[in-house]
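Source file: my_file.tsv (TSV, N, CA and C atoms)
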chain	number	residue	atom	x	y	z
S	1	MET	N	-4.73	-1.64	8.16
S	1	MET	CA	-5.79	-1.03	8.92
S	1	MET	C	-6.81	-2.10	9.26
S	2	ALA	N	-7.46	-1.91	10.35
S	2	ALA	CA	-8.46	-2.87	10.77
S	2	ALA	C	-9.85	-2.37	10.36
S	3	LEU	N	-10.60	-3.25	9.75
S	3	LEU	CA	-11.98	-2.96	9.38
S	3	LEU	C	-12.85	-3.75	10.35
S	4	ARG	N	-13.58	-3.04	11.20
S	4	ARG	CA	-14.40	-3.65	12.26
S	4	ARG	C	-13.56	-4.55	13.18
S	5	GLY	N	-12.34	-4.11	13.47
S	5	GLY	CA	-11.48	-4.83	14.39
S	5	GLY	C	-10.71	-5.99	13.79
S	6	VAL	N	-10.79	-6.18	12.46
S	6	VAL	CA	-10.10	-7.29	11.80
S	6	VAL	C	-9.06	-6.72	10.84
S	7	TRP	N	-7.81	-7.10	11.04
S	7	TRP	CA	-6.76	-6.65	10.14
S	7	TRP	C	-6.99	-7.23	8.75
S	8	GLN	N	-6.84	-6.40	7.72
S	8	GLN	CA	-7.17	-6.82	6.37
S	8	GLN	C	-6.01	-7.50	5.64
S	9	LEU	N	-4.78	-7.15	5.98
S	9	LEU	CA	-3.62	-7.78	5.33
S	9	LEU	C	-3.39	-9.15	5.95
S	10	GLN	N	-3.44	-10.20	5.12
S	10	GLN	CA	-3.25	-11.56	5.62
S	10	GLN	C	-1.80	-11.99	5.51
S	11	LYS	N	-1.18	-11.71	4.36
S	11	LYS	CA	0.15	-12.25	4.09
S	11	LYS	C	1.00	-11.20	3.41
S	12	LEU	N	2.25	-11.11	3.80
S	12	LEU	CA	3.22	-10.20	3.19
S	12	LEU	C	4.40	-11.03	2.72
S	13	ILE	N	4.70	-10.94	1.43
S	13	ILE	CA	5.83	-11.68	0.86
S	13	ILE	C	6.92	-10.67	0.50
S	14	VAL	N	8.12	-10.90	1.02
S	14	VAL	CA	9.28	-10.06	0.75
S	14	VAL	C	10.13	-10.80	-0.27
S	15	SER	N	10.18	-10.30	-1.51
S	15	SER	CA	10.95	-10.95	-2.57
S	15	SER	C	12.24	-10.17	-2.79
S	16	TYR	N	13.35	-10.88	-2.94
S	16	TYR	CA	14.65	-10.23	-3.07
S	16	TYR	C	15.59	-11.11	-3.88
S	17	CYS	N	16.74	-10.52	-4.23
S	17	CYS	CA	17.81	-11.24	-4.92
S	17	CYS	C	19.04	-11.21	-4.02
S	18	ASP	N	19.71	-12.34	-3.87
S	18	ASP	CA	20.88	-12.37	-2.97
S	18	ASP	C	22.15	-11.88	-3.64
S	19	TRP	N	22.07	-11.51	-4.91
S	19	TRP	CA	23.26	-11.10	-5.64
S	19	TRP	C	23.19	-9.66	-6.14
S	20	GLY	N	22.01	-9.21	-6.57
S	20	GLY	CA	21.87	-7.91	-7.23
S	20	GLY	C	22.06	-6.72	-6.30
S	21	GLY	N	22.55	-5.63	-6.88
S	21	GLY	CA	22.79	-4.41	-6.12
S	21	GLY	C	21.52	-3.68	-5.76
S	22	SER	N	20.46	-3.86	-6.55
S	22	SER	CA	19.21	-3.16	-6.23
S	22	SER	C	18.52	-3.77	-5.01
S	23	SER	N	18.96	-4.96	-4.57
S	23	SER	CA	18.39	-5.61	-3.40
S	23	SER	C	19.19	-5.35	-2.13
S	24	ARG	N	20.18	-4.47	-2.20
S	24	ARG	CA	21.04	-4.22	-1.05
S	24	ARG	C	20.22	-3.70	0.14
S	25	GLY	N	19.29	-2.79	-0.13
S	25	GLY	CA	18.48	-2.21	0.94
S	25	GLY	C	17.54	-3.22	1.56
S	26	ILE	N	16.96	-4.10	0.75
S	26	ILE	CA	16.01	-5.07	1.31
S	26	ILE	C	16.73	-6.16	2.08
S	27	ARG	N	17.97	-6.47	1.70
S	27	ARG	CA	18.73	-7.44	2.49
S	27	ARG	C	19.06	-6.86	3.87
S	28	ALA	N	19.40	-5.57	3.91
S	28	ALA	CA	19.64	-4.91	5.21
S	28	ALA	C	18.34	-4.82	6.01
S	29	PHE	N	17.21	-4.58	5.33
S	29	PHE	CA	15.90	-4.53	5.99
S	29	PHE	C	15.57	-5.87	6.64
S	30	MET	N	15.88	-6.96	5.94
S	30	MET	CA	15.57	-8.29	6.47
S	30	MET	C	16.41	-8.61	7.71
S	31	GLU	N	17.62	-8.06	7.78
S	31	GLU	CA	18.46	-8.31	8.95
S	31	GLU	C	18.08	-7.42	10.13
S	32	SER	N	17.74	-6.14	9.85
S	32	SER	CA	17.55	-5.20	10.95
S	32	SER	C	16.09	-4.99	11.34
S	33	HIS	N	15.21	-4.73	10.38
S	33	HIS	CA	13.84	-4.32	10.69
S	33	HIS	C	12.80	-5.44	10.62
S	34	LEU	N	13.02	-6.46	9.81
S	34	LEU	CA	11.99	-7.48	9.59
S	34	LEU	C	11.66	-8.30	10.85
S	35	PRO	N	12.65	-8.72	11.67
S	35	PRO	CA	12.27	-9.47	12.88
S	35	PRO	C	11.37	-8.67	13.82
S	36	ALA	N	11.66	-7.38	13.99
S	36	ALA	CA	10.82	-6.54	14.86
S	36	ALA	C	9.44	-6.33	14.24
S	37	PHE	N	9.39	-6.21	12.90
S	37	PHE	CA	8.10	-6.04	12.21
S	37	PHE	C	7.24	-7.29	12.38
S	38	LYS	N	7.86	-8.48	12.28
S	38	LYS	CA	7.13	-9.73	12.48
S	38	LYS	C	6.61	-9.83	13.92
S	39	GLU	N	7.46	-9.45	14.86
S	39	GLU	CA	7.08	-9.53	16.27
S	39	GLU	C	5.97	-8.55	16.62
S	40	GLY	N	5.99	-7.39	16.00
S	40	GLY	CA	4.98	-6.39	16.27
S	40	GLY	C	3.66	-6.65	15.59
S	41	ASN	N	3.62	-7.56	14.63
S	41	ASN	CA	2.40	-7.88	13.87
S	41	ASN	C	2.16	-9.39	13.89
S	42	PRO	N	1.72	-9.95	15.02
S	42	PRO	CA	1.54	-11.40	15.07
S	42	PRO	C	0.38	-11.90	14.21
S	43	GLN	N	-0.55	-11.02	13.84
S	43	GLN	CA	-1.68	-11.43	13.01
S	43	GLN	C	-1.28	-11.62	11.55
S	44	LEU	N	-0.07	-11.22	11.20
S	44	LEU	CA	0.37	-11.17	9.81
S	44	LEU	C	1.35	-12.31	9.53
S	45	GLU	N	1.13	-13.00	8.42
S	45	GLU	CA	2.06	-14.03	7.98
S	45	GLU	C	3.09	-13.38	7.06
S	46	VAL	N	4.35	-13.40	7.45
S	46	VAL	CA	5.42	-12.77	6.67
S	46	VAL	C	6.32	-13.87	6.13
S	47	ALA	N	6.53	-13.85	4.80
S	47	ALA	CA	7.39	-14.86	4.16
S	47	ALA	C	8.43	-14.15	3.31
S	48	THR	N	9.60	-14.76	3.17
S	48	THR	CA	10.63	-14.23	2.29
S	48	THR	C	10.75	-15.16	1.10
S	49	GLU	N	11.09	-14.58	-0.05
S	49	GLU	CA	11.15	-15.35	-1.29
S	49	GLU	C	12.39	-14.91	-2.06
S	50	LEU	N	13.25	-15.85	-2.37
S	50	LEU	CA	14.48	-15.56	-3.12
S	50	LEU	C	14.18	-15.71	-4.60
S	51	ILE	N	14.28	-14.60	-5.34
S	51	ILE	CA	14.10	-14.64	-6.79
S	51	ILE	C	15.35	-13.99	-7.40
S	52	ARG	N	16.18	-14.79	-8.01
S	52	ARG	CA	17.42	-14.26	-8.55
S	52	ARG	C	17.19	-13.53	-9.86
S	53	GLY	N	17.92	-12.42	-10.03
S	53	GLY	CA	17.86	-11.66	-11.27
S	53	GLY	C	16.65	-10.75	-11.39
S	54	GLN	N	15.86	-10.58	-10.32
S	54	GLN	CA	14.69	-9.71	-10.35
S	54	GLN	C	14.87	-8.60	-9.32
S	55	HIS	N	14.23	-7.47	-9.56
S	55	HIS	CA	14.25	-6.39	-8.59
S	55	HIS	C	13.40	-6.79	-7.37
S	56	PRO	N	13.76	-6.28	-6.19
S	56	PRO	CA	13.01	-6.65	-4.99
S	56	PRO	C	11.64	-5.98	-4.94
S	57	HIS	N	10.69	-6.66	-4.33
S	57	HIS	CA	9.35	-6.09	-4.18
S	57	HIS	C	8.66	-6.68	-2.96
S	58	LEU	N	7.67	-5.94	-2.48
S	58	LEU	CA	6.80	-6.39	-1.40
S	58	LEU	C	5.45	-6.71	-2.01
S	59	LYS	N	4.88	-7.85	-1.64
S	59	LYS	CA	3.58	-8.25	-2.16
S	59	LYS	C	2.66	-8.53	-0.98
S	60	GLY	N	1.53	-7.83	-0.95
S	60	GLY	CA	0.57	-8.00	0.13
S	60	GLY	C	-0.70	-8.65	-0.36
S	61	PHE	N	-1.19	-9.65	0.38
S	61	PHE	CA	-2.44	-10.33	0.05
S	61	PHE	C	-3.46	-9.98	1.13
S	62	TYR	N	-4.64	-9.53	0.67
S	62	TYR	CA	-5.68	-9.05	1.58
S	62	TYR	C	-6.82	-10.05	1.69
S	63	LYS	N	-7.68	-9.87	2.70
S	63	LYS	CA	-8.81	-10.77	2.94
S	63	LYS	C	-9.84	-10.72	1.82
S	64	ASN	N	-9.94	-9.59	1.11
S	64	ASN	CA	-10.93	-9.48	0.03
S	64	ASN	C	-10.36	-9.96	-1.30
S	65	LYS	N	-9.34	-10.81	-1.27
S	65	LYS	CA	-8.74	-11.46	-2.44
S	65	LYS	C	-7.95	-10.51	-3.35
S	66	ASN	N	-7.73	-9.27	-2.91
S	66	ASN	CA	-6.91	-8.35	-3.69
S	66	ASN	C	-5.45	-8.51	-3.28
S	67	GLU	N	-4.57	-8.07	-4.15
S	67	GLU	CA	-3.15	-8.07	-3.82
S	67	GLU	C	-2.52	-6.79	-4.32
S	68	ARG	N	-1.50	-6.32	-3.60
S	68	ARG	CA	-0.76	-5.12	-3.99
S	68	ARG	C	0.71	-5.46	-4.04
S	69	VAL	N	1.38	-4.94	-5.06
S	69	VAL	CA	2.81	-5.17	-5.22
S	69	VAL	C	3.50	-3.81	-5.25
S	70	ILE	N	4.54	-3.66	-4.43
S	70	ILE	CA	5.31	-2.42	-4.40
S	70	ILE	C	6.76	-2.75	-4.69
S	71	CYS	N	7.32	-2.11	-5.71
S	71	CYS	CA	8.73	-2.30	-6.05
S	71	CYS	C	9.58	-1.47	-5.09
S	72	VAL	N	10.58	-2.09	-4.49
S	72	VAL	CA	11.42	-1.41	-3.51
S	72	VAL	C	12.89	-1.41	-3.93
S	73	LYS	N	13.16	-1.35	-5.23
S	73	LYS	CA	14.55	-1.39	-5.68
S	73	LYS	C	15.28	-0.12	-5.28
S	74	ASN	N	16.52	-0.28	-4.83
S	74	ASN	CA	17.42	0.80	-4.44
S	74	ASN	C	16.88	1.66	-3.31
S	75	MET	N	16.01	1.12	-2.46
S	75	MET	CA	15.49	1.88	-1.32
S	75	MET	C	16.27	1.55	-0.06
S	76	THR	N	16.24	2.48	0.89
S	76	THR	CA	16.89	2.25	2.18
S	76	THR	C	15.99	1.36	3.04
S	77	PRO	N	16.55	0.70	4.05
S	77	PRO	CA	15.72	-0.14	4.92
S	77	PRO	C	14.59	0.62	5.60
S	78	GLU	N	14.81	1.91	5.93
S	78	GLU	CA	13.77	2.70	6.57
S	78	GLU	C	12.60	2.95	5.61
S	79	ASP	N	12.92	3.22	4.33
S	79	ASP	CA	11.87	3.42	3.34
S	79	ASP	C	11.08	2.13	3.11
S	80	ILE	N	11.76	1.00	3.12
S	80	ILE	CA	11.08	-0.29	2.92
S	80	ILE	C	10.17	-0.58	4.11
S	81	LEU	N	10.61	-0.24	5.32
S	81	LEU	CA	9.76	-0.41	6.49
S	81	LEU	C	8.52	0.47	6.39
S	82	LEU	N	8.68	1.68	5.88
S	82	LEU	CA	7.54	2.58	5.68
S	82	LEU	C	6.54	1.98	4.69
S	83	HIS	N	7.02	1.41	3.60
S	83	HIS	CA	6.13	0.80	2.60
S	83	HIS	C	5.45	-0.45	3.16
S	84	ALA	N	6.17	-1.25	3.94
S	84	ALA	CA	5.57	-2.43	4.55
S	84	ALA	C	4.48	-2.03	5.54
S	85	THR	N	4.72	-0.96	6.28
S	85	THR	CA	3.71	-0.47	7.22
S	85	THR	C	2.49	0.07	6.49
S	86	ARG	N	2.71	0.74	5.36
S	86	ARG	CA	1.59	1.24	4.57
S	86	ARG	C	0.77	0.09	3.98
S	87	LEU	N	1.43	-0.98	3.56
S	87	LEU	CA	0.69	-2.15	3.08
S	87	LEU	C	-0.14	-2.75	4.21
S	88	ARG	N	0.43	-2.81	5.41
S	88	ARG	CA	-0.30	-3.36	6.54
S	88	ARG	C	-1.51	-2.49	6.89
S	89	ASN	N	-1.37	-1.17	6.80
S	89	ASN	CA	-2.43	-0.25	7.19
S	89	ASN	C	-3.51	-0.09	6.12
S	90	ALA	N	-3.26	-0.53	4.90
S	90	ALA	CA	-4.23	-0.35	3.82
S	90	ALA	C	-5.37	-1.36	3.97
S	91	LEU	N	-6.52	-1.01	3.42
S	91	LEU	CA	-7.68	-1.90	3.47
S	91	LEU	C	-7.68	-2.91	2.33
S	92	GLY	N	-6.88	-2.68	1.30
S	92	GLY	CA	-6.84	-3.61	0.18
S	92	GLY	C	-7.87	-3.33	-0.89
S	93	ARG	N	-8.56	-2.22	-0.77
S	93	ARG	CA	-9.56	-1.87	-1.77
S	93	ARG	C	-8.88	-1.28	-2.99
S	94	LYS	N	-9.54	-1.42	-4.14
S	94	LYS	CA	-9.03	-0.82	-5.35
S	94	LYS	C	-9.22	0.69	-5.29
S	95	VAL	N	-8.32	1.43	-5.93
S	95	VAL	CA	-8.42	2.88	-5.96
S	95	VAL	C	-9.48	3.27	-6.98
S	96	VAL	N	-10.45	4.07	-6.56
S	96	VAL	CA	-11.54	4.48	-7.43
S	96	VAL	C	-11.37	5.96	-7.74
S	97	LYS	N	-11.35	6.29	-9.02
S	97	LYS	CA	-11.20	7.68	-9.42
S	97	LYS	C	-12.57	8.36	-9.34
S	98	LEU	N	-12.59	9.51	-8.67
S	98	LEU	CA	-13.85	10.24	-8.53
S	98	LEU	C	-14.16	11.00	-9.80
S	99	LYS	N	-15.43	11.07	-10.16
S	99	LYS	CA	-15.82	11.78	-11.38
S	99	LYS	C	-15.85	13.29	-11.17
S	100	THR	N	-16.19	13.73	-9.98
S	100	THR	CA	-16.19	15.16	-9.67
S	100	THR	C	-15.37	15.38	-8.41
S	101	ARG	N	-15.02	16.64	-8.18
S	101	ARG	CA	-14.23	16.94	-7.00
S	101	ARG	C	-15.05	16.86	-5.73
S	102	HIS	N	-16.36	17.05	-5.86
S	102	HIS	CA	-17.17	17.04	-4.65
S	102	HIS	C	-18.26	15.99	-4.77
S	103	VAL	N	-18.38	15.19	-3.73
S	103	VAL	CA	-19.32	14.09	-3.74
S	103	VAL	C	-20.38	14.36	-2.68
S	104	THR	N	-21.65	14.22	-3.05
S	104	THR	CA	-22.73	14.44	-2.11
S	104	THR	C	-23.86	13.46	-2.39
S	105	LYS	N	-24.65	13.18	-1.36
S	105	LYS	CA	-25.79	12.29	-1.56
S	105	LYS	C	-26.97	13.04	-2.15
S	106	HIS	N	-27.03	14.35	-1.93
S	106	HIS	CA	-28.15	15.17	-2.42
S	106	HIS	C	-27.60	16.28	-3.31
S	107	PRO	N	-27.41	16.04	-4.59
S	107	PRO	CA	-26.87	17.08	-5.46
S	107	PRO	C	-27.86	18.24	-5.62
S	108	SER	N	-27.32	19.40	-5.90
S	108	SER	CA	-28.15	20.60	-6.02
S	108	SER	C	-29.04	20.53	-7.26
S	109	VAL	N	-30.28	20.92	-7.11
S	109	VAL	CA	-31.22	20.94	-8.22
S	109	VAL	C	-30.87	22.10	-9.16
S	110	GLN	N	-30.36	23.18	-8.59
S	110	GLN	CA	-30.07	24.39	-9.37
S	110	GLN	C	-28.73	24.30	-10.08
S	111	GLY	N	-27.92	23.33	-9.78
S	111	GLY	CA	-26.59	23.23	-10.38
S	111	GLY	C	-25.53	23.66	-9.39
S	112	THR	N	-24.28	23.32	-9.66
S	112	THR	CA	-23.21	23.67	-8.74
S	112	THR	C	-22.78	25.11	-8.94
S	113	TRP	N	-22.31	25.75	-7.88
S	113	TRP	CA	-21.91	27.14	-7.93
S	113	TRP	C	-20.52	27.25	-8.52
S	114	THR	N	-20.30	28.21	-9.39
S	114	THR	CA	-18.98	28.49	-9.94
S	114	THR	C	-18.68	29.97	-9.78
S	115	THR	N	-17.42	30.34	-9.98
S	115	THR	CA	-17.03	31.74	-9.79
S	115	THR	C	-17.51	32.62	-10.94
S	116	ASP	N	-17.80	32.07	-12.13
S	116	ASP	CA	-18.22	32.92	-13.25
S	116	ASP	C	-19.74	33.11	-13.32
S	117	LEU	N	-20.46	32.86	-12.23
S	117	LEU	CA	-21.90	33.13	-12.24
S	117	LEU	C	-22.15	34.63	-12.25
S	118	LYS	N	-23.05	35.06	-13.10
S	118	LYS	CA	-23.40	36.48	-13.17
S	118	LYS	C	-24.83	36.62	-12.68
S	119	PHE	N	-25.01	37.52	-11.71
S	119	PHE	CA	-26.34	37.75	-11.17
S	119	PHE	C	-26.98	38.93	-11.86
S	120	GLU	N	-28.19	38.78	-12.28
S	120	GLU	CA	-28.95	39.85	-12.92
S	120	GLU	C	-29.74	40.58	-11.83
S	121	ALA	N	-29.53	41.86	-11.75
S	121	ALA	CA	-30.24	42.62	-10.71
S	121	ALA	C	-31.31	43.51	-11.30
This entry written out as structure tokens:
Amino acid sequence: MALRGVWQLQKLIVSYCDWGGSSRGIRAFMESHLPAFKEGNPQLEVATELIRGQHPHLKGFYKNKNERVICVKNMTPEDILLHATRLRNALGRKVVKLKTRHVTKHPSVQGTWTTDLKFEA
């Protein structure tokens, strides 16, 4: 995704094994989908990395110095393309768990409404 018109993903590394069965899908992805993905994303540096004896993964490096790694073992080439596109579209921010379900700048002084409120008449 672009933040203020600047793509956040700088580099995508495709790691695979040329022998293992779990890398079968990523090897097919590199033959069929990767050239078109590179051509469609000229702002992105795409590199391949041969690591023998390891499961395949995609590693994305972002402008804010964060990195994300997605394991793609035993996936089809279409699923790997979907994950690569999601890495490209992400901002690279860390996932922050919300403390409450509802977030507001001006919380209620009286407290939040719940279904078990009893009104005295």
**Asked** Given the choices S:Asn66, S:Gln54, S:Ser108, S:Thr100, which gets closest to Trp19 (chain S) if the distance is worked out from only C-alpha atoms?
**Response** S:Gln54
**Message:** Show me the residues around (1.9, -14.0, 2.4) - criterion: an atom at most 7 Å away, all atoms listed in the file counted - as a VMD selection string.
**Reply:** chain S and resid 10 to 13 45 to 47 59 to 61
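CA of Thr76 (chain S) is found 11.2 Å from CA of His33 (chain S).
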How big is the axis-aligned box around the listed atoms of region 88-98 of chain S once 3 Å is added on each side, and where is its centre? Give both in Å to one decimal, as JSON.
{"center_x": -6.9, "center_y": 3.7, "center_z": -1.3, "size_x": 20.6, "size_y": 20.6, "size_z": 23.0}
**Asked** What is the atom N of Gln8 (chain S) to atom C of Leu81 (chain S) distance in Å?
**Response** 16.9 Å
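Ranking S:Lys73, S:Arg52, S:Arg24, S:Lys63 by their shortest atom-to-atom distance to Arg88 (chain S), with only C-alpha atoms included, puts S:Lys63 first.
Counting from CA of Gly25 (chain S), the distance to CA of Ile51 (chain S) is 15.3 Å.
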**Request:** Within 8 Å of His83 (chain S), counting only N, CA and C atoms, which residues show up once you throw out same-chain ones fewer than 6 positions away? Write them as a list in words, please.
**Result:** Leu58, Ile70, Pro77 and Asn89 of chain S
**Prompt:** In terms of the shortest atom-to-atom distance over all atoms listed in the file, which of S:Tyr62, S:Ala36, S:Tyr16, S:Gln43 is closest to Leu91 (chain S)?
**Reply:** S:Tyr62
**Request:** Looking only at helix (DSSP H, G or I) from DSSP on the backbone, list the matching residues of chain S as a VMD selection string.
**Result:** chain S and resid 21 to 32 34 to 40 77 to 89
Please produce an output containing N, CA and C atoms for each residue in the selection, written as an mmCIF file, in the coordinates of the input.
data_model
loop_
_atom_site.group_PDB
_atom_site.id
_atom_site.type_symbol
_atom_site.label_atom_id
_atom_site.label_comp_id
_atom_site.auth_asym_id
_atom_site.auth_seq_id
_atom_site.Cartn_x
_atom_site.Cartn_y
_atom_site.Cartn_z
ATOM 1 N N GLY S 21 22.550 -5.630 -6.880
ATOM 2 C CA GLY S 21 22.790 -4.410 -6.120
ATOM 3 C C GLY S 21 21.520 -3.680 -5.760
ATOM 4 N N SER S 22 20.460 -3.860 -6.550
ATOM 5 C CA SER S 22 19.210 -3.160 -6.230
ATOM 6 C C SER S 22 18.520 -3.770 -5.010
ATOM 7 N N SER S 23 18.960 -4.960 -4.570
ATOM 8 C CA SER S 23 18.390 -5.610 -3.400
ATOM 9 C C SER S 23 19.190 -5.350 -2.130
ATOM 10 N N ARG S 24 20.180 -4.470 -2.200
ATOM 11 C CA ARG S 24 21.040 -4.220 -1.050
ATOM 12 C C ARG S 24 20.220 -3.700 0.140
ATOM 13 N N GLY S 25 19.290 -2.790 -0.130
ATOM 14 C CA GLY S 25 18.480 -2.210 0.940
ATOM 15 C C GLY S 25 17.540 -3.220 1.560
ATOM 16 N N ILE S 26 16.960 -4.100 0.750
ATOM 17 C CA ILE S 26 16.010 -5.070 1.310
ATOM 18 C C ILE S 26 16.730 -6.160 2.080
ATOM 19 N N ARG S 27 17.970 -6.470 1.700
ATOM 20 C CA ARG S 27 18.730 -7.440 2.490
ATOM 21 C C ARG S 27 19.060 -6.860 3.870
ATOM 22 N N ALA S 28 19.400 -5.570 3.910
ATOM 23 C CA ALA S 28 19.640 -4.910 5.210
ATOM 24 C C ALA S 28 18.340 -4.820 6.010
ATOM 25 N N PHE S 29 17.210 -4.580 5.330
ATOM 26 C CA PHE S 29 15.900 -4.530 5.990
ATOM 27 C C PHE S 29 15.570 -5.870 6.640
ATOM 28 N N MET S 30 15.880 -6.960 5.940
ATOM 29 C CA MET S 30 15.570 -8.290 6.470
ATOM 30 C C MET S 30 16.410 -8.610 7.710
ATOM 31 N N GLU S 31 17.620 -8.060 7.780
ATOM 32 C CA GLU S 31 18.460 -8.310 8.950
ATOM 33 C C GLU S 31 18.080 -7.420 10.130
ATOM 34 N N SER S 32 17.740 -6.140 9.850
ATOM 35 C CA SER S 32 17.550 -5.200 10.950
ATOM 36 C C SER S 32 16.090 -4.990 11.340
ATOM 37 N N LEU S 34 13.020 -6.460 9.810
ATOM 38 C CA LEU S 34 11.990 -7.480 9.590
ATOM 39 C C LEU S 34 11.660 -8.300 10.850
ATOM 40 N N PRO S 35 12.650 -8.720 11.670
ATOM 41 C CA PRO S 35 12.270 -9.470 12.880
ATOM 42 C C PRO S 35 11.370 -8.670 13.820
ATOM 43 N N ALA S 36 11.660 -7.380 13.990
ATOM 44 C CA ALA S 36 10.820 -6.540 14.860
ATOM 45 C C ALA S 36 9.440 -6.330 14.240
ATOM 46 N N PHE S 37 9.390 -6.210 12.900
ATOM 47 C CA PHE S 37 8.100 -6.040 12.210
ATOM 48 C C PHE S 37 7.240 -7.290 12.380
ATOM 49 N N LYS S 38 7.860 -8.480 12.280
ATOM 50 C CA LYS S 38 7.130 -9.730 12.480
ATOM 51 C C LYS S 38 6.610 -9.830 13.920
ATOM 52 N N GLU S 39 7.460 -9.450 14.860
ATOM 53 C CA GLU S 39 7.080 -9.530 16.270
ATOM 54 C C GLU S 39 5.970 -8.550 16.620
ATOM 55 N N GLY S 40 5.990 -7.390 16.000
ATOM 56 C CA GLY S 40 4.980 -6.390 16.270
ATOM 57 C C GLY S 40 3.660 -6.650 15.590
ATOM 58 N N PRO S 77 16.550 0.700 4.050
ATOM 59 C CA PRO S 77 15.720 -0.140 4.920
ATOM 60 C C PRO S 77 14.590 0.620 5.600
ATOM 61 N N GLU S 78 14.810 1.910 5.930
ATOM 62 C CA GLU S 78 13.770 2.700 6.570
ATOM 63 C C GLU S 78 12.600 2.950 5.610
ATOM 64 N N ASP S 79 12.920 3.220 4.330
ATOM 65 C CA ASP S 79 11.870 3.420 3.340
ATOM 66 C C ASP S 79 11.080 2.130 3.110
ATOM 67 N N ILE S 80 11.760 1.000 3.120
ATOM 68 C CA ILE S 80 11.080 -0.290 2.920
ATOM 69 C C ILE S 80 10.170 -0.580 4.110
ATOM 70 N N LEU S 81 10.610 -0.240 5.320
ATOM 71 C CA LEU S 81 9.760 -0.410 6.490
ATOM 72 C C LEU S 81 8.520 0.470 6.390
ATOM 73 N N LEU S 82 8.680 1.680 5.880
ATOM 74 C CA LEU S 82 7.540 2.580 5.680
ATOM 75 C C LEU S 82 6.540 1.980 4.690
ATOM 76 N N HIS S 83 7.020 1.410 3.600
ATOM 77 C CA HIS S 83 6.130 0.800 2.600
ATOM 78 C C HIS S 83 5.450 -0.450 3.160
ATOM 79 N N ALA S 84 6.170 -1.250 3.940
ATOM 80 C CA ALA S 84 5.570 -2.430 4.550
ATOM 81 C C ALA S 84 4.480 -2.030 5.540
ATOM 82 N N THR S 85 4.720 -0.960 6.280
ATOM 83 C CA THR S 85 3.710 -0.470 7.220
ATOM 84 C C THR S 85 2.490 0.070 6.490
ATOM 85 N N ARG S 86 2.710 0.740 5.360
ATOM 86 C CA ARG S 86 1.590 1.240 4.570
ATOM 87 C C ARG S 86 0.770 0.090 3.980
ATOM 88 N N LEU S 87 1.430 -0.980 3.560
ATOM 89 C CA LEU S 87 0.690 -2.150 3.080
ATOM 90 C C LEU S 87 -0.140 -2.750 4.210
ATOM 91 N N ARG S 88 0.430 -2.810 5.410
ATOM 92 C CA ARG S 88 -0.300 -3.360 6.540
ATOM 93 C C ARG S 88 -1.510 -2.490 6.890
ATOM 94 N N ASN S 89 -1.370 -1.170 6.800
ATOM 95 C CA ASN S 89 -2.430 -0.250 7.190
ATOM 96 C C ASN S 89 -3.510 -0.090 6.120
#
**Request:** Could you check which of S:Ser15, S:Gly40, S:Glu67, S:Phe119 is closest to Gly92 (chain S), using all atoms listed in the file?
**Result:** S:Glu67
**Request:** Excluding Asp18 (chain S) and any residue of its chain fewer than 4 positions from it, enumerate the residues within 8 Å of it, using only C-alpha atoms, and give them as an MDAnalysis selection string.
**Result:** chainID S and resid 23 27 50 52
**Message:** List as JSON, numbers by chain the protein and nucleic acid residues near Ala90 (chain S), meaning an atom at most 6.5 Å away when all atoms listed in the file are counted, but skip any in the same chain fewer than 5 places from it.
**Reply:** {"S": [1, 8, 9, 85]}
